[in-house]
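Report on the following structure.
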Amino acid sequence: MIRFSKVTKSYTRGQPALRDLNLFFGRGEFAFLTGPSGSGKSTLLKHIYLEERPTSGEIKVSGVSSRTASRGEVAKLRRKLGIVFQDFRLLEDRTVEQNVAFALEVTGAPARAIPERVARVLTRVGLASKATSMPRQLSGGEQQRVAIARALVNDPFVLIADEPTGNLDDRATRGIFQLLREINASGTAVIMATHNLDLIRKNDYRSIEMDHGTVVFDSAAESGQGAGVAGLSMMTPESAP
Amino acid sequence: MKLTIRETMSAFRRSPVLSALSITTIAFSLFAFGLFGLVAVNIREALQKVEERVEIRAFVAADTPSEVIALTASEIARFPEVARADVISQDAALKRAREELGEFKDVFDQASFLPASIDVRLKPGHRDPATVKRVAEKLGTYDFVDDIRFGEEWITQLYRLRNIAGATGLVLGLAFAAVAVIIIGTTIRMAVMARSREISIMRLVGATDGFVRRPFLIEGFVKGVLGGLLALLLTWLSMRLIEHYLNFNTVFFDGRLAVLGVLFGALIGLLGSAFSVGRHLRKI
């Protein structure tokens with residue numbers, strides 16, 4: 001589904017952000033991506049939705065290659081991905097339902113089908129009663145649910161979440177994580193970057209630890225399930241920032 | 001398309017101040033250009049009126065039969081450069097001299113020394129010194145033509161003035177247009193920057209470049225048209241003020257020029273938007 005083959009990403013200054021990375025994410029998988037700040041987690045995620053292209057190597061996402069994909073193909077690929085960020089990235093001047101509908105409208109979805117699909121996904125994330133609220137009227141957890149609803153409305157095969165609970169309190173974090181579990185249980189793969197070690201410890205999902213642009217531990221490789229890099233060390237609480 | 005129009009309209013609704021500022025900036029940039037254009041149009045008009053007075057006068061010998069003069073005049077009128085050729089008899093010449101030189105009209109009281117002439121006016125585009133001289137030389141080939149006058153030095157000076165005015169107008173016009181393009185481009189770029197977050201979210205959820213670009217292009221076009229119309233109104237008001245307070249008779253742009261001016265604004269708005277959004281999209 002998503003394959004990184006010998007991916008290196010270098011910028012003009014400093015160390016490479018990703019070094020010779022080989023990774024595979026399978027259909028319906030739930031994977032945590034962890035590591036200290038600057039370890040390359042967000043850069044890796046950006047390579048999945050092709051906001052960044054590797055300096056060398058190749059990423060294939062659902063058959064789309066980072067080497068050959070045009071901007072139009074990238075746009076079409078993103079319609080099959082759900083992307084969620086720590087800072088929600090909602091349009092502040094539009095209501096909850098308009099924010100969600102927007103993701104359908106840009107794909108050219110039939111206008112008549114949009115209200116029903118928006119209502120369904122808002123119900124799924126528990127925000128049906130807030131459809132006409134503005135984002136600023138919602139709590140952080142609710143805003144993240146709107147962002148997740150927007151990410152889900154196009155039925156993506158994978159949800160990419162870059163520290164989705166980073167701005168939330170414990171209660172909201174639990175709620176969002178539970179939602180991500182449910183999404184995964186319904187068949188959508190989830191790749192979640194996080195600093196929250198509790199979440200990783202308490203859940204028996206694949207965890208990938210990164211440091212200095214390389215994978216230093218991959219539980220799937222440890223258990224022989226994935227095509228990842230052999231694990232070098234277990235993540236310890238001290239290694240997290 | 002419906003969505004594109006809705007997005008365009010909501011952009012105006014969401015940031016009315018910025019939109020109004022953009023339109024005003026476009027309007028004032030085009031207004032400066034319009035004022036210059038107004039001056040250029042009036043100078044051109046004035047020079048055209050002076051040019052219309054370019055005339056070649058071929059004086060004919062006293063004993064030339066009037067039939068011959070009339071026949072020759074109609075032959076000259078068929079020259080490709082000639083607009084009209086009028087026969088001025090001795091009597092008519094005397095009458096004209098009395099009218100033109102009113103204070104010296106006594107001199108012409110009993111005079112019959114003024115010769116008859118064929119007065120030749122040239123078509124627009126054939127009033128340059130070289131053509132005037134060529135036609136004058138052709139008139140000189142008729143045996144009965146005694147003398148030819150066409151104010152060679154005056155025509156040369158007039159054309160030099162016209163060329164200087166034309167070249168200066170072109171350079172100034174280009175400079176004004178360039179300033180307008182830069183100011184309008186910067187204004188539109190500010191509007192695009194103000195919506196950079198929205199653009200990045202659009203891209204994130206799978207909008208194509210074309211989808212992102214379209215509302216901005218329409219917005220730029222609409223702002224250009226509105227700015228152009230406002231500039232036209234300001235230019236017209238300025239002209240009326242000048243006429244009223246300075247007692248000038250001025251000429252305003254004809255319909256074709258007015259439409260061209262508004263289209264120029266629309267084009268700058270469109271290109272400015274295309275350039276700014278394109279540049280922004282390449283970065284994300």
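Numbering starts fresh at 1 for the residues of each chain in the structure tokens, the chains themselves are lettered A, B, ... in the order given, and ligands are numbered from 1 as they appear.
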
Do you have, as a Markdown table, the list of residues of segment 174-226 of chain B lying at most 12 Å from segment 63-82 of chain A, each with its nearest atom pair and that distance in Å to one decimal, counting only C-alpha atoms and ordered by chain then number?
| residue | atom | partner | partner_atom | distance |
| --- | --- | --- | --- | --- |
| B:Ser200 | CA | A:Ala75 | CA | 11.8 |
| B:Ile201 | CA | A:Arg78 | CA | 11.3 |
| B:Met202 | CA | A:Ala75 | CA | 9.6 |
| B:Arg203 | CA | A:Ala75 | CA | 6.8 |
| B:Leu204 | CA | A:Arg78 | CA | 6.7 |
| B:Val205 | CA | A:Arg79 | CA | 6.0 |
| B:Gly206 | CA | A:Ala75 | CA | 4.3 |
| B:Ala207 | CA | A:Ala75 | CA | 5.8 |
| B:Thr208 | CA | A:Ala75 | CA | 5.4 |
| B:Asp209 | CA | A:Gly72 | CA | 7.4 |
| B:Gly210 | CA | A:Gly72 | CA | 9.1 |
| B:Phe211 | CA | A:Ala75 | CA | 10.3 |
| B:Val212 | CA | A:Ala75 | CA | 11.0 |

Can you pull out the residues contacting Phe25 of chain A? Cut-off 10 Å, using only C-alpha atoms, and skip same-chain residues under 4 positions away; I want them as a short mmCIF file (atom, residue, chain, number, x, y, z; two decimals) with N, CA, C and O atoms, in the first residue's frame.
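Writing the result to around.cif gives the following:
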data_model
loop_
_atom_site.label_atom_id
_atom_site.label_comp_id
_atom_site.auth_asym_id
_atom_site.auth_seq_id
_atom_site.Cartn_x
_atom_site.Cartn_y
_atom_site.Cartn_z
N MET A 1 0.84 -1.22 0.00
CA MET A 1 0.00 0.00 0.00
C MET A 1 0.87 1.26 0.00
O MET A 1 0.76 2.11 -0.87
N ILE A 2 1.75 1.33 1.03
CA ILE A 2 2.72 2.45 1.06
C ILE A 2 4.11 1.84 1.25
O ILE A 2 4.35 1.12 2.22
N ARG A 3 4.98 2.10 0.28
CA ARG A 3 6.31 1.51 0.38
C ARG A 3 7.39 2.59 0.20
O ARG A 3 7.36 3.35 -0.76
N PHE A 4 8.30 2.63 1.17
CA PHE A 4 9.47 3.50 1.08
C PHE A 4 10.65 2.61 0.68
O PHE A 4 10.95 1.64 1.38
N GLU A 29 -3.62 -1.36 8.43
CA GLU A 29 -2.67 -1.39 9.55
C GLU A 29 -2.85 -0.16 10.46
O GLU A 29 -3.30 0.89 10.01
N PHE A 30 -2.49 -0.31 11.74
CA PHE A 30 -2.39 0.85 12.63
C PHE A 30 -0.94 0.95 13.06
O PHE A 30 -0.39 -0.03 13.60
N ALA A 31 -0.30 2.06 12.78
CA ALA A 31 1.12 2.19 13.12
C ALA A 31 1.37 3.50 13.85
O ALA A 31 0.87 4.55 13.42
N VAL A 61 2.74 5.04 -3.20
CA VAL A 61 1.53 5.09 -2.38
C VAL A 61 0.36 4.69 -3.28
O VAL A 61 0.05 5.41 -4.23
N VAL A 158 -6.17 5.32 3.97
CA VAL A 158 -5.26 5.52 5.10
C VAL A 158 -5.49 6.91 5.70
O VAL A 158 -5.74 7.88 4.98
N ALA A 189 -6.50 2.20 7.25
CA ALA A 189 -5.18 2.18 7.91
C ALA A 189 -4.96 3.52 8.62
O ALA A 189 -5.47 4.56 8.17
N VAL A 190 -4.24 3.50 9.71
CA VAL A 190 -3.92 4.75 10.43
C VAL A 190 -2.43 4.78 10.69
O VAL A 190 -1.86 3.81 11.21
N ILE A 191 -1.80 5.87 10.29
CA ILE A 191 -0.38 6.08 10.63
C ILE A 191 -0.34 7.34 11.48
O ILE A 191 -0.71 8.43 11.01
N ARG A 206 1.56 -1.63 15.84
CA ARG A 206 2.94 -1.52 15.36
C ARG A 206 3.51 -0.15 15.80
O ARG A 206 2.83 0.87 15.68
N ALA A 220 7.17 -4.26 14.00
CA ALA A 220 6.78 -5.23 12.98
C ALA A 220 7.98 -6.04 12.53
O ALA A 220 7.89 -7.25 12.32
N GLY A 226 6.48 -7.22 9.37
CA GLY A 226 6.53 -6.18 8.34
C GLY A 226 7.81 -6.24 7.55
O GLY A 226 8.62 -7.15 7.73
N ALA A 227 7.94 -5.29 6.65
CA ALA A 227 9.14 -5.23 5.82
C ALA A 227 10.06 -4.14 6.32
O ALA A 227 10.87 -3.60 5.59
N GLY A 228 9.91 -3.79 7.58
CA GLY A 228 10.67 -2.66 8.12
C GLY A 228 12.10 -3.00 8.43
O GLY A 228 12.59 -4.10 8.19
#

- prompt: If we count only C-alpha atoms, what is near segment 70-83 of chain B at a cut-off of 12 Å, once residues fewer than 3 positions away on the same chain are taken out, given as a ChimeraX atom specification?
  reply: /B:52,54-60,64-67,86-89,116-128,130-136,138-145

Write the residues of the preceding selection, restricted to C-alpha atoms, as a tab-separated table (two decimals), in the first residue's frame.
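The resulting result_24.tsv:
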chain	number	residue	atom	x	y	z
B	52	GLU	CA	-5.92	69.37	-41.11
B	54	VAL	CA	-1.83	71.44	-44.08
B	55	GLU	CA	-2.52	72.77	-47.56
B	56	ILE	CA	-0.70	73.09	-50.85
B	57	ARG	CA	-1.56	76.18	-52.86
B	58	ALA	CA	-0.71	76.09	-56.57
B	59	PHE	CA	-0.94	79.60	-58.10
B	60	VAL	CA	-1.89	79.56	-61.75
B	64	THR	CA	-5.02	80.30	-67.92
B	65	PRO	CA	-8.54	79.44	-69.12
B	66	SER	CA	-10.87	78.60	-66.24
B	67	GLU	CA	-11.90	75.31	-67.95
B	86	ASP	CA	-10.54	73.47	-54.83
B	87	VAL	CA	-10.27	76.09	-57.50
B	88	ILE	CA	-9.94	79.59	-56.02
B	89	SER	CA	-10.66	82.23	-58.65
B	116	ALA	CA	-6.19	82.28	-58.97
B	117	SER	CA	-5.06	79.04	-57.36
B	118	ILE	CA	-5.82	75.39	-56.84
B	119	ASP	CA	-5.89	74.68	-53.10
B	120	VAL	CA	-5.07	71.08	-52.32
B	121	ARG	CA	-5.87	69.33	-49.01
B	122	LEU	CA	-4.31	65.96	-48.27
B	123	LYS	CA	-5.83	62.86	-46.74
B	124	PRO	CA	-4.95	61.92	-43.14
B	125	GLY	CA	-1.76	59.88	-43.12
B	126	HIS	CA	-0.40	61.78	-46.16
B	127	ARG	CA	0.38	65.04	-44.40
B	128	ASP	CA	4.02	64.31	-43.59
B	130	ALA	CA	7.94	64.10	-47.62
B	131	THR	CA	4.46	63.43	-49.07
B	132	VAL	CA	3.55	67.12	-49.06
B	133	LYS	CA	6.74	67.93	-50.92
B	134	ARG	CA	6.18	65.12	-53.44
B	135	VAL	CA	2.62	66.25	-54.20
B	136	ALA	CA	3.81	69.87	-54.48
B	138	LYS	CA	3.80	66.94	-59.01
B	139	LEU	CA	1.66	70.11	-59.09
B	140	GLY	CA	4.72	72.04	-60.31
B	141	THR	CA	4.87	69.92	-63.45
B	142	TYR	CA	1.77	71.67	-64.86
B	143	ASP	CA	2.92	74.41	-67.28
B	144	PHE	CA	0.40	76.99	-66.11
B	145	VAL	CA	1.37	76.71	-62.43

message: Env of segment 7-19 of chain A: 9 Å cut, atoms = only C-alpha atoms, seq-sep filter 6 positions within chain, self excluded. Answer as JSON, numbers by chain.
response: {"A": [38, 39, 40, 43, 44, 52, 53, 54, 55, 56, 57, 58, 59, 212, 213, 214, 215]}

Those same residues, written as a PDB file, in the first residue's frame with N, CA, C and O atoms?
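In the end it all went to part-v4.pdb:
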ATOM      1  N   GLY A  38      12.393  16.471  15.512  1.00  0.00           N
ATOM      2  CA  GLY A  38      13.459  16.568  14.516  1.00  0.00           C
ATOM      3  C   GLY A  38      13.978  15.205  14.077  1.00  0.00           C
ATOM      4  O   GLY A  38      14.948  15.125  13.314  1.00  0.00           O
ATOM      5  N   SER A  39      13.313  14.146  14.509  1.00  0.00           N
ATOM      6  CA  SER A  39      13.809  12.806  14.144  1.00  0.00           C
ATOM      7  C   SER A  39      13.375  12.410  12.726  1.00  0.00           C
ATOM      8  O   SER A  39      13.904  11.461  12.161  1.00  0.00           O
ATOM      9  N   GLY A  40      12.404  13.141  12.177  1.00  0.00           N
ATOM     10  CA  GLY A  40      11.990  12.870  10.795  1.00  0.00           C
ATOM     11  C   GLY A  40      10.573  12.325  10.655  1.00  0.00           C
ATOM     12  O   GLY A  40      10.162  11.950   9.554  1.00  0.00           O
ATOM     13  N   THR A  43       8.470  14.620   8.438  1.00  0.00           N
ATOM     14  CA  THR A  43       9.018  14.563   7.072  1.00  0.00           C
ATOM     15  C   THR A  43       8.581  13.258   6.399  1.00  0.00           C
ATOM     16  O   THR A  43       8.208  13.256   5.220  1.00  0.00           O
ATOM     17  N   LEU A  44       8.622  12.185   7.168  1.00  0.00           N
ATOM     18  CA  LEU A  44       8.187  10.890   6.614  1.00  0.00           C
ATOM     19  C   LEU A  44       6.722  10.970   6.180  1.00  0.00           C
ATOM     20  O   LEU A  44       6.366  10.551   5.072  1.00  0.00           O
ATOM     21  N   GLU A  52       6.418  16.424   0.098  1.00  0.00           N
ATOM     22  CA  GLU A  52       7.867  16.401  -0.120  1.00  0.00           C
ATOM     23  C   GLU A  52       8.184  15.226  -1.036  1.00  0.00           C
ATOM     24  O   GLU A  52       7.476  14.216  -1.008  1.00  0.00           O
ATOM     25  N   ARG A  53       9.219  15.385  -1.838  1.00  0.00           N
ATOM     26  CA  ARG A  53       9.686  14.276  -2.680  1.00  0.00           C
ATOM     27  C   ARG A  53      11.091  13.905  -2.228  1.00  0.00           C
ATOM     28  O   ARG A  53      11.878  14.789  -1.845  1.00  0.00           O
ATOM     29  N   PRO A  54      11.434  12.627  -2.264  1.00  0.00           N
ATOM     30  CA  PRO A  54      12.757  12.233  -1.787  1.00  0.00           C
ATOM     31  C   PRO A  54      13.882  12.741  -2.693  1.00  0.00           C
ATOM     32  O   PRO A  54      13.670  12.937  -3.892  1.00  0.00           O
ATOM     33  N   THR A  55      15.033  12.945  -2.085  1.00  0.00           N
ATOM     34  CA  THR A  55      16.214  13.326  -2.870  1.00  0.00           C
ATOM     35  C   THR A  55      16.689  12.097  -3.654  1.00  0.00           C
ATOM     36  O   THR A  55      17.100  12.206  -4.806  1.00  0.00           O
ATOM     37  N   SER A  56      16.620  10.939  -3.007  1.00  0.00           N
ATOM     38  CA  SER A  56      16.890   9.685  -3.724  1.00  0.00           C
ATOM     39  C   SER A  56      15.962   8.615  -3.165  1.00  0.00           C
ATOM     40  O   SER A  56      15.401   8.765  -2.079  1.00  0.00           O
ATOM     41  N   GLY A  57      15.833   7.542  -3.918  1.00  0.00           N
ATOM     42  CA  GLY A  57      14.910   6.493  -3.520  1.00  0.00           C
ATOM     43  C   GLY A  57      13.512   6.763  -4.050  1.00  0.00           C
ATOM     44  O   GLY A  57      13.308   7.715  -4.819  1.00  0.00           O
ATOM     45  N   GLU A  58      12.571   5.927  -3.629  1.00  0.00           N
ATOM     46  CA  GLU A  58      11.215   6.055  -4.175  1.00  0.00           C
ATOM     47  C   GLU A  58      10.152   5.699  -3.123  1.00  0.00           C
ATOM     48  O   GLU A  58      10.383   4.827  -2.276  1.00  0.00           O
ATOM     49  N   ILE A  59       9.046   6.410  -3.194  1.00  0.00           N
ATOM     50  CA  ILE A  59       7.896   6.050  -2.360  1.00  0.00           C
ATOM     51  C   ILE A  59       6.761   5.699  -3.311  1.00  0.00           C
ATOM     52  O   ILE A  59       6.522   6.439  -4.288  1.00  0.00           O
ATOM     53  N   HIS A 212      17.164  10.864  13.979  1.00  0.00           N
ATOM     54  CA  HIS A 212      18.074  11.392  12.953  1.00  0.00           C
ATOM     55  C   HIS A 212      17.745  10.867  11.549  1.00  0.00           C
ATOM     56  O   HIS A 212      18.634  10.532  10.780  1.00  0.00           O
ATOM     57  N   GLY A 213      16.475  10.780  11.264  1.00  0.00           N
ATOM     58  CA  GLY A 213      16.063  10.423   9.907  1.00  0.00           C
ATOM     59  C   GLY A 213      16.103   8.944   9.578  1.00  0.00           C
ATOM     60  O   GLY A 213      15.896   8.569   8.425  1.00  0.00           O
ATOM     61  N   THR A 214      16.383   8.122  10.580  1.00  0.00           N
ATOM     62  CA  THR A 214      16.383   6.685  10.299  1.00  0.00           C
ATOM     63  C   THR A 214      15.414   5.972  11.254  1.00  0.00           C
ATOM     64  O   THR A 214      15.077   6.509  12.309  1.00  0.00           O
ATOM     65  N   VAL A 215      15.001   4.780  10.867  1.00  0.00           N
ATOM     66  CA  VAL A 215      14.159   3.969  11.742  1.00  0.00           C
ATOM     67  C   VAL A 215      15.085   3.205  12.680  1.00  0.00           C
ATOM     68  O   VAL A 215      15.937   2.431  12.225  1.00  0.00           O
TER      69      VAL A 215
END

Quick one: everything within 8 Å of segment 244-257 of chain B, counting only C-alpha atoms, minus sequence neighbours fewer than 3 positions away in the same chain. Send it as a PDB file with N, CA and C atoms, in the first residue's frame.
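And here's selection.pdb as it stands now:
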ATOM      1  N   LEU B  38      -5.706  60.740 -21.157  1.00  0.00           N
ATOM      2  CA  LEU B  38      -6.565  61.878 -21.496  1.00  0.00           C
ATOM      3  C   LEU B  38      -5.733  63.026 -22.094  1.00  0.00           C
ATOM      4  N   VAL B  41      -4.644  61.948 -25.542  1.00  0.00           N
ATOM      5  CA  VAL B  41      -5.751  62.018 -26.514  1.00  0.00           C
ATOM      6  C   VAL B  41      -5.997  63.463 -26.929  1.00  0.00           C
ATOM      7  N   ASN B  42      -5.926  64.373 -25.959  1.00  0.00           N
ATOM      8  CA  ASN B  42      -6.187  65.790 -26.271  1.00  0.00           C
ATOM      9  C   ASN B  42      -5.068  66.409 -27.086  1.00  0.00           C
ATOM     10  N   GLU B  45      -5.552  65.127 -30.523  1.00  0.00           N
ATOM     11  CA  GLU B  45      -6.690  65.821 -31.131  1.00  0.00           C
ATOM     12  C   GLU B  45      -6.268  67.204 -31.631  1.00  0.00           C
ATOM     13  N   TRP B 236     -13.208  60.836 -15.841  1.00  0.00           N
ATOM     14  CA  TRP B 236     -14.272  61.672 -16.404  1.00  0.00           C
ATOM     15  C   TRP B 236     -14.579  62.846 -15.466  1.00  0.00           C
ATOM     16  N   MET B 239     -11.884  65.378 -15.764  1.00  0.00           N
ATOM     17  CA  MET B 239     -12.018  66.146 -17.003  1.00  0.00           C
ATOM     18  C   MET B 239     -13.075  67.240 -16.850  1.00  0.00           C
ATOM     19  N   ARG B 240     -14.196  66.868 -16.191  1.00  0.00           N
ATOM     20  CA  ARG B 240     -15.260  67.852 -16.001  1.00  0.00           C
ATOM     21  C   ARG B 240     -14.794  68.992 -15.102  1.00  0.00           C
ATOM     22  N   LEU B 241     -14.006  68.651 -14.081  1.00  0.00           N
ATOM     23  CA  LEU B 241     -13.478  69.684 -13.174  1.00  0.00           C
ATOM     24  C   LEU B 241     -12.539  70.629 -13.916  1.00  0.00           C
ATOM     25  N   LEU B 260     -11.452  49.633 -23.994  1.00  0.00           N
ATOM     26  CA  LEU B 260     -10.075  49.115 -23.952  1.00  0.00           C
ATOM     27  C   LEU B 260      -9.441  49.338 -22.583  1.00  0.00           C
ATOM     28  N   GLY B 261      -9.699  50.534 -21.997  1.00  0.00           N
ATOM     29  CA  GLY B 261      -9.146  50.864 -20.677  1.00  0.00           C
ATOM     30  C   GLY B 261      -9.632  49.898 -19.609  1.00  0.00           C
TER      31      GLY B 261
END

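Minimum distance to chain A across B:Arg14, B:Arg98, B:Arg189, B:Arg6 (counting only C-alpha atoms) occurs at B:Arg14.
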
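Once Glu209 of chain A and its same-chain neighbours fewer than 2 positions away are set aside, Leu33, Thr34, Gly35, Ser207, Asp211, Val215, Val216, Phe217, Asp218 and Met235 of chain A remain within 7 Å of it when counting only C-alpha atoms.
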
Generate a file of the selected residues that holds N, CA, C and O atoms, formatted as an mmCIF file, in the first residue's frame.
data_model
loop_
_atom_site.group_PDB
_atom_site.id
_atom_site.type_symbol
_atom_site.label_atom_id
_atom_site.label_comp_id
_atom_site.auth_asym_id
_atom_site.auth_seq_id
_atom_site.Cartn_x
_atom_site.Cartn_y
_atom_site.Cartn_z
ATOM 1 N N LEU A 33 4.154 6.237 14.955
ATOM 2 C CA LEU A 33 5.457 6.737 14.531
ATOM 3 C C LEU A 33 5.939 7.628 15.663
ATOM 4 O O LEU A 33 5.256 8.593 16.020
ATOM 5 N N THR A 34 7.061 7.296 16.232
ATOM 6 C CA THR A 34 7.495 8.080 17.377
ATOM 7 C C THR A 34 8.982 8.423 17.271
ATOM 8 O O THR A 34 9.675 7.964 16.359
ATOM 9 N N GLY A 35 9.453 9.204 18.206
ATOM 10 C CA GLY A 35 10.852 9.649 18.176
ATOM 11 C C GLY A 35 10.924 11.093 18.598
ATOM 12 O O GLY A 35 9.906 11.792 18.634
ATOM 13 N N SER A 207 4.732 -0.129 16.259
ATOM 14 C CA SER A 207 5.351 1.160 16.586
ATOM 15 C C SER A 207 6.710 1.271 15.899
ATOM 16 O O SER A 207 7.482 0.312 15.872
ATOM 17 N N ASP A 211 14.958 8.258 14.630
ATOM 18 C CA ASP A 211 15.944 9.178 15.203
ATOM 19 C C ASP A 211 16.911 9.589 14.090
ATOM 20 O O ASP A 211 17.381 8.727 13.322
ATOM 21 N N VAL A 215 15.001 4.780 10.867
ATOM 22 C CA VAL A 215 14.159 3.969 11.742
ATOM 23 C C VAL A 215 15.085 3.205 12.680
ATOM 24 O O VAL A 215 15.937 2.431 12.225
ATOM 25 N N VAL A 216 14.964 3.447 13.977
ATOM 26 C CA VAL A 216 15.840 2.762 14.920
ATOM 27 C C VAL A 216 15.114 1.593 15.582
ATOM 28 O O VAL A 216 15.739 0.758 16.233
ATOM 29 N N PHE A 217 13.804 1.547 15.440
ATOM 30 C CA PHE A 217 13.052 0.401 15.947
ATOM 31 C C PHE A 217 11.746 0.288 15.184
ATOM 32 O O PHE A 217 11.077 1.285 14.928
ATOM 33 N N ASP A 218 11.424 -0.936 14.835
ATOM 34 C CA ASP A 218 10.141 -1.188 14.179
ATOM 35 C C ASP A 218 9.589 -2.487 14.747
ATOM 36 O O ASP A 218 10.166 -3.564 14.526
ATOM 37 N N MET A 235 11.953 2.125 22.408
ATOM 38 C CA MET A 235 11.796 3.507 22.843
ATOM 39 C C MET A 235 11.654 3.533 24.367
ATOM 40 O O MET A 235 10.913 2.743 24.936
#

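Compared by their closest atoms to chain A, and using only C-alpha atoms, the residues B:Ala266, B:Val68, B:Arg282, B:Gln48 rank with B:Arg282 nearest.
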
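Nearest residue to chain A among B:Glu51, B:Glu137, B:Glu243, B:Glu198 is B:Glu198, counting only C-alpha atoms.
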
message: So that I can see what lies close to Glu116 of chain A, please list as a PyMOL selection string the residues with an atom at most 12 Å from it, counting only C-alpha atoms and leaving out residues fewer than 6 positions away in the same chain.
response: chain A and resi 97+100-101+104+109-110+122-123+128+153

Residue subset to file, keeping C-alpha atoms, as a short mmCIF file (atom, residue, chain, number, x, y, z; two decimals), in the first residue's frame:
data_model
loop_
_atom_site.label_atom_id
_atom_site.label_comp_id
_atom_site.auth_asym_id
_atom_site.auth_seq_id
_atom_site.Cartn_x
_atom_site.Cartn_y
_atom_site.Cartn_z
CA GLU A 97 -20.30 21.22 7.97
CA VAL A 100 -16.20 18.98 5.90
CA ALA A 101 -18.18 19.61 2.71
CA LEU A 104 -15.95 16.79 -1.04
CA ALA A 109 -18.53 15.20 -5.76
CA PRO A 110 -22.19 15.58 -6.85
CA LEU A 122 -20.25 14.15 11.49
CA THR A 123 -22.43 11.57 13.23
CA ALA A 128 -23.82 15.93 14.42
CA VAL A 153 -15.45 12.15 4.25
#

task: Apply DSSP to the structure's backbone, then extract all residues of segment 63-162 of chain A labelled alpha helix (DSSP H) and return them as a PyMOL selection string.
output: chain A and resi 71-78+96-105+114-124+140-152

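Take atom CA of Thr132 of chain A and atom CA of Pro115 of chain A: the distance between them is 12.2 Å.
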
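Distances here use only C-alpha atoms; by that measure, the residue among A:Leu152, A:Leu197, A:Ile208, A:Val96 closest to chain B is A:Leu152.
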